[in-house]
Amino acid sequence: MKEYIPNPQDLQSVKLPEGLLLLVEEMAKNVHEVWAQNRINEGWTYGPVRDDIKKHHPCLIPYEDLPESEKEYDRATAQETLKFIIKSGFSISRQ
């Protein structure tokens with residue numbers, strides 16, 4: 001099998017409009033909620049230490065209770081998604 005080399009879009013030059021910064025946090029929370037729901041559906045439960053055999057994960061808690069490092073991971077996912085949308089020529093507006 002050929003080695004996989006990720007090649008994400010270069011989004012460094014894309015700046016998010018200030019009006020989307022609140023959306024980043026809401027999206028980050030939803031990213032966590034979707035992730036958590038998927039894990040729960042797969043039989044995972046909360047555990048203070050991650051255990052792949054027992055399917056325990058310390059991040060199966062509300063977004064607000066996550067460590068800042070985990071929130072930053074979700075925020076980065078949201079930010080990069082919004083930047084990709086903008087770079088692709090789409091616009092986002094509140095209805």
# chains A, B, ... in the order shown; residues from 1 in each chain; ligands from 1
call {"tool": "residues_around", "arguments": {"residues": "Tyr73 (chain A)", "least_positions_apart": "4", "cutoff": "12 Å", "atoms": "only C-alpha atoms", "output": "NGL selection string"}}
result
:A and (24-25 or 27-29 or 31-32 or 63 or 66-69 or 77-80)
call {"tool": "select_by_dssp", "arguments": {"residues": "chain A", "states": "alpha helix (DSSP H)", "output": "JSON, numbers by chain"}}
result
{"A": [21, 22, 23, 24, 25, 26, 27, 28, 29, 30, 31, 32, 33, 34, 35, 36, 37, 38, 39, 40, 41, 68, 69, 70, 71, 72, 73, 74, 75, 76, 77, 78, 79, 80, 81, 82, 83, 84, 85, 86, 87]}
call {"tool": "residues_around", "arguments": {"residues": "Ser13 (chain A)", "least_positions_apart": "3", "cutoff": "10 Å", "atoms": "only C-alpha atoms", "output": "ChimeraX atom specification"}}
result
/A:10,16,83,87
call {"tool": "closest_residue", "arguments": {"among": "A:Phe84, A:Leu60, A:Arg94, A:Glu3", "to": "Trp35 (chain A)", "atoms": "only C-alpha atoms"}}
result
A:Leu60
call {"tool": "closest_residue", "arguments": {"among": "A:His56, A:Ile5, A:Ser91, A:Arg75", "to": "Asn30 (chain A)", "atoms": "only C-alpha atoms"}}
result
A:Arg75
call {"tool": "select_by_dssp", "arguments": {"residues": "chain A", "states": "strand (DSSP E)", "output": "list of chain:residue names"}}
result
A:Thr45, A:Tyr46, A:His56, A:His57
call {"tool": "write_last_selection", "arguments": {"atoms": "C-alpha atoms", "output": "PDB file, in the first residue's frame"}}
result
ATOM      1  CA  THR A  45     -18.998   5.582  28.394  1.00  0.00           C
ATOM      2  CA  TYR A  46     -17.259   8.138  30.563  1.00  0.00           C
ATOM      3  CA  HIS A  56     -14.075   4.528  28.469  1.00  0.00           C
ATOM      4  CA  HIS A  57     -13.200   8.096  27.488  1.00  0.00           C
TER       5      HIS A  57
END
call {"tool": "atom_distance", "arguments": {"atom1": "CA of Ile53 (chain A)", "atom2": "CA of Gln37 (chain A)"}}
result
18.6 Å
call {"tool": "closest_residue", "arguments": {"among": "A:Glu33, A:Thr81, A:Lys55, A:Asp74", "to": "Pro8 (chain A)", "atoms": "only C-alpha atoms"}}
result
A:Thr81
